[in-house]
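Pasted below: work_16.csv, CSV, C-alpha atoms.
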chain,number,residue,atom,x,y,z
A,1,MET,CA,-18.8,-35.0,24.1
A,2,LYS,CA,-21.2,-32.1,24.3
A,3,ILE,CA,-21.1,-29.3,21.7
A,4,LYS,CA,-22.8,-25.9,22.3
A,5,VAL,CA,-24.1,-24.9,18.9
A,6,VAL,CA,-26.8,-22.2,19.2
A,7,SER,CA,-27.4,-22.0,15.5
A,8,ASN,CA,-30.6,-20.4,14.1
A,9,ILE,CA,-32.3,-23.1,11.9
A,10,LEU,CA,-33.5,-20.4,9.5
A,11,LYS,CA,-30.2,-18.5,9.3
A,12,ALA,CA,-29.5,-19.6,5.7
A,13,ASN,CA,-32.8,-18.0,4.7
A,14,ASP,CA,-32.2,-14.9,6.8
A,15,SER,CA,-28.8,-14.2,5.4
A,16,ILE,CA,-30.0,-14.4,1.8
A,17,ALA,CA,-32.9,-12.2,2.8
A,18,GLU,CA,-30.4,-9.6,4.0
A,19,GLU,CA,-28.6,-9.8,0.6
A,20,ASN,CA,-32.0,-9.3,-1.2
A,21,ARG,CA,-32.7,-6.3,1.1
A,22,GLY,CA,-29.4,-4.7,0.2
A,23,LEU,CA,-30.3,-5.1,-3.5
A,24,PHE,CA,-33.7,-3.6,-2.9
A,25,LYS,CA,-32.2,-0.6,-1.0
A,26,GLU,CA,-29.7,0.0,-3.8
A,27,ASN,CA,-32.6,0.4,-6.2
A,28,GLY,CA,-34.6,2.6,-3.8
A,29,LEU,CA,-37.5,0.2,-3.8
A,30,PHE,CA,-40.3,-0.2,-1.3
A,31,VAL,CA,-41.0,-3.9,-1.1
A,32,ILE,CA,-44.2,-5.5,0.2
A,33,ASN,CA,-44.6,-9.2,0.9
A,34,LEU,CA,-48.3,-10.1,0.4
A,35,ILE,CA,-49.6,-13.0,2.5
A,36,SER,CA,-53.0,-14.5,2.9
A,37,SER,CA,-54.9,-17.8,2.7
A,38,PRO,CA,-55.9,-19.0,-0.8
A,39,GLY,CA,-58.7,-16.9,-2.3
A,40,ALA,CA,-58.5,-13.9,0.1
A,41,GLY,CA,-57.8,-11.6,-2.8
A,42,LYS,CA,-54.0,-11.1,-3.1
A,43,THR,CA,-54.1,-11.0,-6.9
A,44,SER,CA,-57.2,-8.9,-7.0
A,45,LEU,CA,-55.7,-6.4,-4.6
A,46,LEU,CA,-52.6,-6.2,-6.8
A,47,GLU,CA,-54.6,-5.7,-10.0
A,48,LYS,CA,-56.5,-2.8,-8.5
A,49,THR,CA,-53.6,-1.3,-6.7
A,50,ILE,CA,-51.4,-1.4,-9.8
A,51,LEU,CA,-54.0,0.2,-12.0
A,52,LEU,CA,-54.6,3.0,-9.4
A,53,LEU,CA,-51.0,3.7,-8.6
A,54,SER,CA,-49.5,3.4,-12.0
A,55,SER,CA,-52.0,5.4,-13.9
A,56,PRO,CA,-50.3,8.6,-15.1
A,57,PRO,CA,-51.7,12.1,-14.2
A,58,SER,CA,-52.4,12.6,-17.9
A,59,LYS,CA,-54.9,9.8,-17.7
A,60,GLY,CA,-56.5,11.0,-14.5
A,61,GLY,CA,-54.2,9.1,-12.2
A,62,LYS,CA,-54.2,10.5,-8.6
A,63,TRP,CA,-50.9,9.0,-7.6
A,64,GLY,CA,-48.6,10.2,-10.4
A,65,GLY,CA,-47.6,7.2,-12.4
A,66,ILE,CA,-45.7,4.9,-9.9
A,67,SER,CA,-43.7,2.1,-11.5
A,68,ILE,CA,-44.5,-1.3,-10.1
A,69,GLY,CA,-43.0,-4.8,-10.4
A,70,VAL,CA,-44.5,-8.0,-9.1
A,71,ILE,CA,-43.0,-11.4,-8.2
A,72,GLU,CA,-45.8,-13.9,-8.3
A,73,GLY,CA,-45.4,-17.0,-6.1
A,74,ASP,CA,-47.6,-20.1,-6.7
A,75,ILE,CA,-47.3,-23.8,-6.3
A,76,ALA,CA,-48.2,-24.3,-9.9
A,77,THR,CA,-49.5,-22.4,-13.0
A,78,THR,CA,-48.8,-18.9,-14.4
A,79,ARG,CA,-52.4,-17.8,-14.0
A,80,ASP,CA,-51.6,-15.0,-11.6
A,81,ALA,CA,-48.7,-13.7,-13.6
A,82,GLU,CA,-50.9,-13.6,-16.7
A,83,ARG,CA,-53.5,-11.5,-14.8
A,84,ILE,CA,-50.8,-9.1,-13.6
A,85,GLU,CA,-49.3,-8.8,-17.0
A,86,LYS,CA,-52.5,-7.3,-18.3
A,87,THR,CA,-52.1,-4.4,-15.9
A,88,GLY,CA,-48.9,-3.4,-17.6
A,89,ALA,CA,-46.7,-4.1,-14.5
A,90,ARG,CA,-43.4,-5.9,-14.9
A,91,VAL,CA,-44.0,-9.4,-13.6
A,92,ILE,CA,-42.2,-12.7,-13.1
A,93,GLN,CA,-43.7,-16.0,-11.9
A,94,ILE,CA,-42.1,-18.4,-9.4
A,95,ASN,CA,-43.5,-21.9,-9.2
A,96,THR,CA,-42.6,-23.5,-5.9
A,97,ASN,CA,-43.6,-27.0,-7.2
A,98,GLY,CA,-45.3,-28.0,-3.9
A,99,ALA,CA,-43.5,-25.8,-1.4
A,100,CYS,CA,-45.9,-24.0,0.9
A,101,HIS,CA,-44.0,-20.6,1.0
A,102,LEU,CA,-41.5,-18.5,-0.9
A,103,ASP,CA,-38.0,-18.4,0.6
A,104,SER,CA,-35.3,-15.8,0.1
A,105,ASN,CA,-33.3,-18.0,-2.2
A,106,MET,CA,-36.2,-18.3,-4.6
A,107,ILE,CA,-36.4,-14.5,-4.7
A,108,ARG,CA,-32.7,-14.1,-5.2
A,109,THR,CA,-32.8,-16.5,-8.1
A,110,SER,CA,-35.8,-14.9,-9.7
A,111,LEU,CA,-34.1,-11.5,-9.5
A,112,ARG,CA,-31.4,-12.7,-12.0
A,113,ASP,CA,-34.2,-12.5,-14.7
A,114,PHE,CA,-36.0,-9.6,-13.3
A,115,PRO,CA,-34.4,-6.1,-13.7
A,116,LEU,CA,-35.3,-3.8,-10.8
A,117,ASN,CA,-34.1,-0.6,-12.5
A,118,GLY,CA,-36.8,2.1,-12.9
A,119,LEU,CA,-39.2,0.4,-10.4
A,120,ASP,CA,-40.6,2.3,-7.3
A,121,ILE,CA,-42.4,-0.6,-5.7
A,122,LEU,CA,-42.0,-4.3,-5.7
A,123,PHE,CA,-44.9,-6.5,-4.6
A,124,ILE,CA,-44.1,-10.1,-3.8
A,125,GLU,CA,-47.2,-12.3,-3.8
A,126,ASN,CA,-46.6,-15.2,-1.6
A,127,VAL,CA,-48.1,-18.7,-1.9
A,128,GLY,CA,-51.6,-18.8,-0.4
A,129,ASN,CA,-51.0,-19.8,3.2
A,130,LEU,CA,-51.4,-18.0,6.5
A,131,VAL,CA,-48.8,-20.1,8.4
A,132,CYS,CA,-45.5,-20.8,6.8
A,133,PRO,CA,-44.7,-17.5,4.9
A,134,ALA,CA,-44.6,-15.7,8.3
A,135,ASN,CA,-41.4,-17.5,9.1
A,136,PHE,CA,-39.5,-16.8,6.0
A,137,ASN,CA,-38.1,-13.3,5.5
A,138,LEU,CA,-37.6,-12.4,1.9
A,139,GLY,CA,-35.8,-9.0,2.4
A,140,GLU,CA,-39.1,-7.0,2.3
A,141,ASP,CA,-39.8,-3.7,4.0
A,142,ALA,CA,-43.3,-4.8,5.1
A,143,LYS,CA,-45.4,-7.9,5.3
A,144,ALA,CA,-49.0,-7.2,4.5
A,145,VAL,CA,-51.6,-9.8,5.5
A,146,ILE,CA,-54.9,-9.9,3.7
A,147,LEU,CA,-57.9,-11.4,5.5
A,148,SER,CA,-61.2,-11.6,3.6
A,149,ILE,CA,-64.3,-11.4,5.8
A,150,THR,CA,-65.7,-14.7,4.4
A,151,GLU,CA,-62.9,-16.4,6.2
A,152,GLY,CA,-64.3,-15.5,9.6
A,153,ASP,CA,-63.4,-13.1,12.3
A,154,ASP,CA,-61.6,-15.8,14.4
A,155,LYS,CA,-58.5,-15.9,12.2
A,156,PRO,CA,-56.1,-13.4,13.9
A,157,LYS,CA,-56.1,-15.4,17.1
A,158,LYS,CA,-55.8,-18.7,15.2
A,159,TYR,CA,-52.8,-17.5,13.1
A,160,PRO,CA,-51.1,-15.1,15.5
A,161,GLY,CA,-47.6,-15.5,13.9
A,162,ILE,CA,-48.4,-13.6,10.7
A,163,PHE,CA,-50.5,-10.9,12.5
A,164,ARG,CA,-47.6,-10.2,14.8
A,165,GLU,CA,-45.1,-10.1,11.9
A,166,ALA,CA,-47.1,-7.9,9.5
A,167,LYS,CA,-47.1,-4.2,9.3
A,168,VAL,CA,-50.4,-4.0,7.4
A,169,LEU,CA,-53.7,-5.8,7.7
A,170,ILE,CA,-56.0,-5.5,4.7
A,171,ILE,CA,-59.6,-6.6,5.4
A,172,ASN,CA,-61.0,-7.5,2.0
A,173,LYS,CA,-64.4,-8.3,0.6
A,174,THR,CA,-66.2,-5.8,2.8
A,175,ASP,CA,-69.0,-5.6,0.2
A,176,LEU,CA,-70.0,-9.1,1.4
A,177,LEU,CA,-70.4,-8.1,5.0
A,178,PRO,CA,-74.3,-8.2,5.0
A,179,TYR,CA,-74.2,-11.8,3.9
A,180,THR,CA,-71.9,-13.1,6.7
A,181,ASP,CA,-71.7,-13.1,10.5
A,182,CYS,CA,-68.2,-11.7,10.4
A,183,SER,CA,-67.5,-8.8,12.8
A,184,ILE,CA,-64.9,-6.3,11.5
A,185,ASP,CA,-64.6,-4.9,15.0
A,186,LYS,CA,-63.6,-8.3,16.4
A,187,ILE,CA,-61.0,-8.7,13.6
A,188,LYS,CA,-59.5,-5.3,14.5
A,189,LYS,CA,-59.7,-5.7,18.2
A,190,GLU,CA,-58.0,-9.2,18.2
A,191,SER,CA,-55.4,-8.4,15.6
A,192,LEU,CA,-54.4,-5.2,17.5
A,193,GLU,CA,-54.1,-7.3,20.7
A,194,ILE,CA,-51.5,-9.3,18.8
A,195,ASN,CA,-49.9,-6.3,17.1
A,196,PRO,CA,-50.8,-2.8,18.2
A,197,ASP,CA,-48.8,-1.2,15.4
A,198,LEU,CA,-50.8,-2.8,12.6
A,199,ASN,CA,-52.0,-0.4,9.9
A,200,ILE,CA,-55.5,-1.6,9.1
A,201,PHE,CA,-57.3,-1.0,5.8
A,202,GLU,CA,-60.9,-2.1,5.0
A,203,VAL,CA,-61.3,-2.6,1.3
A,204,SER,CA,-63.5,-4.2,-1.3
A,205,CYS,CA,-61.4,-5.0,-4.4
A,206,ARG,CA,-64.7,-5.7,-6.2
A,207,SER,CA,-66.3,-2.3,-5.6
A,208,GLY,CA,-63.1,-0.4,-5.1
A,209,GLU,CA,-64.2,1.0,-1.7
A,210,GLY,CA,-61.3,1.8,0.7
A,211,LEU,CA,-58.5,1.4,-1.9
A,212,ASP,CA,-57.7,5.1,-1.9
A,213,ARG,CA,-56.6,5.0,1.7
A,214,TRP,CA,-54.4,1.9,1.1
A,215,CYS,CA,-52.8,3.5,-2.0
A,216,ASN,CA,-52.1,6.7,-0.1
A,217,TRP,CA,-50.3,4.6,2.5
A,218,VAL,CA,-48.3,2.7,-0.1
A,219,LYS,CA,-47.3,5.9,-1.9
A,220,GLY,CA,-46.3,7.6,1.4
A,221,LYS,CA,-44.0,4.6,2.4
A,222,THR,CA,-42.5,4.5,-1.1
A,223,ARG,CA,-41.6,8.2,-0.8
A,224,GLU,CA,-40.0,7.7,2.6
A,225,GLU,CA,-38.0,4.8,1.2
A,226,GLN,CA,-36.8,6.9,-1.8
A,227,LYS,CA,-35.8,9.8,0.4
A,228,LEU,CA,-33.7,7.5,2.5
A,229,ASN,CA,-31.8,6.4,-0.5
B,1,MET,CA,-46.1,-27.5,6.7
B,2,HIS,CA,-42.5,-26.8,6.0
B,3,GLU,CA,-41.2,-29.0,8.8
B,4,LEU,CA,-39.4,-31.3,6.4
B,5,SER,CA,-37.1,-28.5,5.2
B,6,ILE,CA,-36.7,-27.3,8.8
B,7,VAL,CA,-35.5,-30.8,9.8
B,8,GLN,CA,-33.2,-30.9,6.8
B,9,ASN,CA,-31.6,-27.6,8.0
B,10,ILE,CA,-31.3,-29.1,11.6
B,11,LEU,CA,-29.5,-32.1,10.2
B,12,ASP,CA,-27.2,-29.9,8.0
B,13,ILE,CA,-26.3,-27.8,11.0
B,14,ALA,CA,-25.7,-30.8,13.3
B,15,GLU,CA,-23.7,-32.7,10.7
B,16,SER,CA,-21.5,-29.8,10.0
B,17,GLU,CA,-20.8,-29.0,13.7
B,18,ALA,CA,-20.1,-32.7,14.3
B,19,ARG,CA,-17.6,-32.8,11.5
B,20,LYS,CA,-15.9,-29.7,12.7
B,21,ASN,CA,-15.3,-31.6,16.0
B,22,ASN,CA,-14.2,-34.8,14.3
B,23,ALA,CA,-17.1,-36.7,15.6
B,24,LYS,CA,-18.2,-40.0,14.0
B,25,LYS,CA,-21.7,-40.1,15.4
B,26,ILE,CA,-24.3,-37.8,16.7
B,27,ILE,CA,-26.1,-39.1,19.8
B,28,LYS,CA,-28.4,-36.2,20.8
B,29,ILE,CA,-29.6,-33.0,19.2
B,30,GLY,CA,-31.0,-30.4,21.5
B,31,LEU,CA,-33.4,-27.9,20.0
B,32,LYS,CA,-35.1,-24.8,21.4
B,33,ILE,CA,-38.5,-24.2,19.8
B,34,GLY,CA,-40.6,-21.3,20.8
B,35,GLU,CA,-44.4,-21.3,21.2
B,36,MET,CA,-44.6,-18.7,18.4
B,37,SER,CA,-42.0,-20.2,16.1
B,38,GLY,CA,-44.7,-21.5,13.7
B,39,VAL,CA,-43.6,-25.1,13.6
B,40,VAL,CA,-45.4,-28.2,14.8
B,41,ILE,CA,-43.3,-30.3,17.2
B,42,ASP,CA,-44.9,-33.6,16.3
B,43,SER,CA,-44.1,-33.0,12.7
B,44,ILE,CA,-40.5,-32.1,13.5
B,45,ILE,CA,-40.2,-35.5,15.3
B,46,PHE,CA,-41.8,-37.4,12.5
B,47,CYS,CA,-39.7,-35.8,9.8
B,48,PHE,CA,-36.5,-36.3,11.9
B,49,GLU,CA,-37.1,-40.0,12.1
B,50,THR,CA,-37.5,-40.1,8.3
B,51,LEU,CA,-34.6,-37.9,7.4
B,52,LYS,CA,-31.9,-39.1,9.9
B,53,THR,CA,-31.4,-42.5,8.3
B,54,ASN,CA,-28.3,-42.6,6.1
B,55,THR,CA,-26.7,-39.7,8.1
B,56,ILE,CA,-24.3,-39.8,11.1
B,57,ALA,CA,-27.3,-38.9,13.2
B,58,ARG,CA,-29.1,-42.1,12.3
B,59,ASP,CA,-29.2,-43.2,16.0
B,60,ALA,CA,-29.6,-39.7,17.4
B,61,GLU,CA,-32.3,-38.7,19.8
B,62,LEU,CA,-34.0,-35.3,19.5
B,63,LEU,CA,-34.4,-33.3,22.7
B,64,ILE,CA,-36.8,-30.4,22.3
B,65,ASP,CA,-37.1,-27.6,24.8
B,66,HIS,CA,-40.4,-25.9,24.2
B,67,ILE,CA,-40.3,-22.2,25.2
B,68,PRO,CA,-43.4,-20.3,26.2
B,69,LEU,CA,-44.1,-16.9,24.8
B,70,ALA,CA,-43.0,-14.1,27.2
B,71,GLY,CA,-42.7,-10.4,26.8
B,72,LYS,CA,-41.2,-7.3,28.4
B,73,CYS,CA,-43.2,-4.1,28.8
B,74,LYS,CA,-41.4,-1.2,27.2
B,75,ASN,CA,-43.1,1.2,29.5
B,76,CYS,CA,-42.7,-0.3,33.1
B,77,GLY,CA,-40.1,-2.9,32.3
B,78,SER,CA,-41.9,-5.9,33.8
B,79,ASN,CA,-41.5,-9.3,32.4
B,80,PHE,CA,-44.5,-11.7,32.0
B,81,GLN,CA,-45.9,-14.7,30.1
B,82,ILE,CA,-48.1,-13.8,27.2
B,83,ASN,CA,-51.3,-15.8,27.2
B,84,ASN,CA,-53.8,-16.1,24.3
B,85,TYR,CA,-51.6,-13.9,22.2
B,86,ILE,CA,-52.7,-10.7,24.1
B,87,PHE,CA,-49.7,-8.4,24.0
B,88,LYS,CA,-50.6,-6.2,26.9
B,89,CYS,CA,-48.7,-5.6,30.2
B,90,ASN,CA,-50.6,-7.0,33.2
B,91,THR,CA,-48.9,-4.4,35.5
B,92,CYS,CA,-49.4,-1.1,33.6
B,93,ASN,CA,-51.8,-2.0,30.7
B,94,ASN,CA,-49.3,-0.7,28.1
B,95,ASN,CA,-49.4,-2.6,24.8
B,96,ASP,CA,-45.9,-1.8,23.5
B,97,ILE,CA,-44.4,-5.2,24.3
B,98,GLU,CA,-41.1,-6.7,23.2
B,99,ILE,CA,-41.1,-10.5,22.8
B,100,ILE,CA,-38.2,-11.8,24.9
B,101,SER,CA,-38.8,-15.5,24.3
B,102,GLY,CA,-41.1,-17.8,22.4
B,103,ARG,CA,-39.8,-17.2,18.9
B,104,GLU,CA,-36.8,-19.5,19.2
B,105,LEU,CA,-36.0,-22.0,16.4
B,106,PHE,CA,-32.5,-23.1,16.9
B,107,VAL,CA,-30.1,-26.0,17.4
B,108,ASP,CA,-28.9,-25.5,20.9
B,109,GLU,CA,-26.4,-28.3,21.5
B,110,LEU,CA,-25.2,-31.7,20.3
B,111,GLU,CA,-23.9,-34.7,22.0
B,112,VAL,CA,-21.5,-36.6,19.8
B,113,GLU,CA,-18.8,-39.3,20.0
Would you give me this structure, written as structure tokens?
Amino acid sequence: MKIKVVSNILKANDSIAEENRGLFKENGLFVINLISSPGAGKTSLLEKTILLLSSPPSKGGKWGGISIGVIEGDIATTRDAERIEKTGARVIQINTNGACHLDSNMIRTSLRDFPLNGLDILFIENVGNLVCPANFNLGEDAKAVILSITEGDDKPKKYPGIFREAKVLIINKTDLLPYTDCSIDKIKKESLEINPDLNIFEVSCRSGEGLDRWCNWVKGKTREEQKLN
Amino acid sequence: MHELSIVQNILDIAESEARKNNAKKIIKIGLKIGEMSGVVIDSIIFCFETLKTNTIARDAELLIDHIPLAGKCKNCGSNFQINNYIFKCNTCNNNDIEIISGRELFVDELEVE
């Protein structure tokens, strides 16, 4: 006997992602899922972004004291959460114990111990991997892919899935450009062929160059989200 | 890299559908997997052979329909195959393209007894 099924293999993940999205909306949060290969600078970008966005105007902050939470995903260790904790942001670590990506159920479970009240932005730092996280929605508003120039300018075409899914591309480590053969123009051209709507930011987390433009974008999107609420 | 959990989901879906239909045994599982679904078909087959033992799909065969990436131009409406991940209409050059196939990752049909 034949049975017509037509059942999405990832539907269990997608339906929990929608529940997470509902919870994020209730709290008026703008949620970014940060995805890159290991060592591209996800945690460094977070450290810098948090310090810039959360700094109150009384201490010279340009962005008006935005409140930020972080869910840190790693296969093992709490090293990234410890780094983020030093910035003063609210943080929780998820250890996937071998799994190559975060899934929506891991996020739902972590939210039981992670109050969202009072937050404006939630960053979810995925496991370092350019392949698998692209397939697993977590309930985020935007996926942001980080590509560091030392990884090479051929990566968008080699990992098209994540470049198509993402709303943002952050090209990091631009301070190292003179020491590599990487072409930022090629990264931009080939990633825009995959996804013409990508918002592209060139930054150096080390020198701080380019981070203002990125922070302006994040703040703008956060305001839009809060107006909708 | 996550093919093992994908295959576990495939088996969960197949077993639950088979039970709903009072089947004792799954003979074939038909999958549709798109070019841009992000899974490796060889790994799916390998993981399936490993995980199917001790289930009612232990003798089942996997039939995989591999679907190429295709798009529809939002400007002129033409449909075309997307090569080399260049999302650009080959009729009018517009780059606002909707993916119409190639992202599938689903259990399409079963054969049971």
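Residues of chain A having any atom within 6 Å of chain B, counting all atoms listed in the file, are A:Met1, A:Lys2, A:Ile3, A:Lys4, A:Val5, A:Val6, A:Ser7, A:Asn8, A:Ile9, A:Glu193, A:Ile194.
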**OP:** For Glu49 (chain B), list every protein, DNA or RNA residue within 10 Å, evaluated using all atoms listed in the file, and leave out those in the same chain fewer than 2 positions away; present the list as a PyMOL selection string.
**Re:** chain B and resi 7+43-47+51-53+57-62
Which neighbours of region 14-18 of chain A fall inside 6 Å, counting all atoms listed in the file, when residues of the same chain fewer than 5 positions from it are skipped, and could you give them as a PDB file with C-alpha atoms, in the frame of the given file?
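Once written, part32.pdb looks like this:
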ATOM      1  CA  SER A 104     -35.300 -15.800   0.100  1.00  0.00           C
ATOM      2  CA  ASN A 137     -38.100 -13.300   5.500  1.00  0.00           C
ATOM      3  CA  LEU A 138     -37.600 -12.400   1.900  1.00  0.00           C
ATOM      4  CA  GLY A 139     -35.800  -9.000   2.400  1.00  0.00           C
TER       5      GLY A 139
END
Original post:
With distances taken over all atoms listed in the file, which of B:Gly102, B:His66, B:Val40, B:Arg19 is nearest to Asn83 (chain B)?
Top reply: B:Gly102
At most 10 Å is the cut-off: for each residue in region 183-212 of chain A with any atom that close to an atom of region 158-166 of chain A, write down the nearest atom pair and the distance in Å rounded to one decimal, counting all atoms listed in the file, chain first then increasing number, as a tab-separated table.
residue	atom	partner	partner_atom	distance
A:Glu190	CA	A:Pro160	CA	9.5
A:Ser191	CA	A:Phe163	CA	6.3
A:Leu192	CA	A:Phe163	CA	8.5
A:Glu193	CA	A:Arg164	CA	9.2
A:Ile194	CA	A:Arg164	CA	5.7
A:Asn195	CA	A:Arg164	CA	5.1
A:Pro196	CA	A:Arg164	CA	8.7
A:Asp197	CA	A:Ala166	CA	9.1
A:Leu198	CA	A:Ala166	CA	7.0
A:Asn199	CA	A:Ala166	CA	9.0
All heavy atoms are needed for region 93-101 of chain A; please write them out as a PDB file, in the coordinates of the input.
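Result file is out.pdb:
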ATOM      1  N   GLN A  93     -43.062 -14.964 -12.671  1.00  0.00           N
ATOM      2  CA  GLN A  93     -43.700 -16.000 -11.900  1.00  0.00           C
ATOM      3  C   GLN A  93     -42.711 -16.962 -11.306  1.00  0.00           C
ATOM      4  O   GLN A  93     -41.800 -17.409 -11.994  1.00  0.00           O
ATOM      5  CB  GLN A  93     -44.684 -16.794 -12.810  1.00  0.00           C
ATOM      6  CG  GLN A  93     -45.408 -17.956 -12.145  1.00  0.00           C
ATOM      7  CD  GLN A  93     -46.661 -17.522 -11.400  1.00  0.00           C
ATOM      8  OE1 GLN A  93     -47.487 -16.789 -11.921  1.00  0.00           O
ATOM      9  NE2 GLN A  93     -46.798 -17.973 -10.152  1.00  0.00           N
ATOM     10  N   ILE A  94     -42.880 -17.285 -10.022  1.00  0.00           N
ATOM     11  CA  ILE A  94     -42.100 -18.400  -9.400  1.00  0.00           C
ATOM     12  C   ILE A  94     -43.072 -19.517  -9.171  1.00  0.00           C
ATOM     13  O   ILE A  94     -44.113 -19.302  -8.550  1.00  0.00           O
ATOM     14  CB  ILE A  94     -41.479 -17.961  -8.070  1.00  0.00           C
ATOM     15  CG1 ILE A  94     -40.502 -16.802  -8.231  1.00  0.00           C
ATOM     16  CG2 ILE A  94     -40.789 -19.146  -7.404  1.00  0.00           C
ATOM     17  CD1 ILE A  94     -39.933 -16.299  -6.900  1.00  0.00           C
ATOM     18  N   ASN A  95     -42.752 -20.727  -9.622  1.00  0.00           N
ATOM     19  CA  ASN A  95     -43.500 -21.900  -9.200  1.00  0.00           C
ATOM     20  C   ASN A  95     -42.738 -22.675  -8.185  1.00  0.00           C
ATOM     21  O   ASN A  95     -41.595 -23.072  -8.419  1.00  0.00           O
ATOM     22  CB  ASN A  95     -43.824 -22.817 -10.432  1.00  0.00           C
ATOM     23  CG  ASN A  95     -45.001 -22.314 -11.257  1.00  0.00           C
ATOM     24  OD1 ASN A  95     -45.020 -22.420 -12.464  1.00  0.00           O
ATOM     25  ND2 ASN A  95     -45.999 -21.756 -10.594  1.00  0.00           N
ATOM     26  N   THR A  96     -43.334 -22.875  -7.025  1.00  0.00           N
ATOM     27  CA  THR A  96     -42.600 -23.500  -5.900  1.00  0.00           C
ATOM     28  C   THR A  96     -42.667 -25.051  -6.034  1.00  0.00           C
ATOM     29  O   THR A  96     -42.022 -25.744  -5.257  1.00  0.00           O
ATOM     30  CB  THR A  96     -43.145 -23.086  -4.560  1.00  0.00           C
ATOM     31  OG1 THR A  96     -44.500 -23.549  -4.450  1.00  0.00           O
ATOM     32  CG2 THR A  96     -43.095 -21.595  -4.371  1.00  0.00           C
ATOM     33  N   ASN A  97     -43.473 -25.564  -6.974  1.00  0.00           N
ATOM     34  CA  ASN A  97     -43.600 -27.000  -7.200  1.00  0.00           C
ATOM     35  C   ASN A  97     -43.909 -27.750  -5.851  1.00  0.00           C
ATOM     36  O   ASN A  97     -43.262 -28.738  -5.518  1.00  0.00           O
ATOM     37  CB  ASN A  97     -42.348 -27.605  -7.793  1.00  0.00           C
ATOM     38  CG  ASN A  97     -42.121 -27.029  -9.169  1.00  0.00           C
ATOM     39  OD1 ASN A  97     -43.064 -26.936  -9.959  1.00  0.00           O
ATOM     40  ND2 ASN A  97     -40.902 -26.596  -9.457  1.00  0.00           N
ATOM     41  N   GLY A  98     -44.845 -27.259  -5.122  1.00  0.00           N
ATOM     42  CA  GLY A  98     -45.300 -28.000  -3.900  1.00  0.00           C
ATOM     43  C   GLY A  98     -44.919 -27.257  -2.629  1.00  0.00           C
ATOM     44  O   GLY A  98     -45.577 -27.473  -1.618  1.00  0.00           O
ATOM     45  N   ALA A  99     -43.877 -26.419  -2.639  1.00  0.00           N
ATOM     46  CA  ALA A  99     -43.500 -25.800  -1.400  1.00  0.00           C
ATOM     47  C   ALA A  99     -44.563 -24.778  -0.944  1.00  0.00           C
ATOM     48  O   ALA A  99     -45.178 -24.099  -1.772  1.00  0.00           O
ATOM     49  CB  ALA A  99     -42.151 -25.072  -1.527  1.00  0.00           C
ATOM     50  N   CYS A 100     -44.775 -24.705   0.372  1.00  0.00           N
ATOM     51  CA  CYS A 100     -45.900 -24.000   0.900  1.00  0.00           C
ATOM     52  C   CYS A 100     -45.608 -22.480   1.138  1.00  0.00           C
ATOM     53  O   CYS A 100     -46.429 -21.739   1.665  1.00  0.00           O
ATOM     54  CB  CYS A 100     -46.303 -24.609   2.244  1.00  0.00           C
ATOM     55  SG  CYS A 100     -44.908 -24.841   3.370  1.00  0.00           S
ATOM     56  N   HIS A 101     -44.418 -22.018   0.781  1.00  0.00           N
ATOM     57  CA  HIS A 101     -44.000 -20.600   1.000  1.00  0.00           C
ATOM     58  C   HIS A 101     -42.927 -20.246   0.038  1.00  0.00           C
ATOM     59  O   HIS A 101     -42.253 -21.132  -0.478  1.00  0.00           O
ATOM     60  CB  HIS A 101     -43.546 -20.430   2.441  1.00  0.00           C
ATOM     61  CG  HIS A 101     -42.355 -21.301   2.736  1.00  0.00           C
ATOM     62  ND1 HIS A 101     -42.484 -22.590   3.203  1.00  0.00           N
ATOM     63  CD2 HIS A 101     -41.030 -21.096   2.568  1.00  0.00           C
ATOM     64  CE1 HIS A 101     -41.285 -23.129   3.322  1.00  0.00           C
ATOM     65  NE2 HIS A 101     -40.388 -22.249   2.948  1.00  0.00           N
TER      66      HIS A 101
END
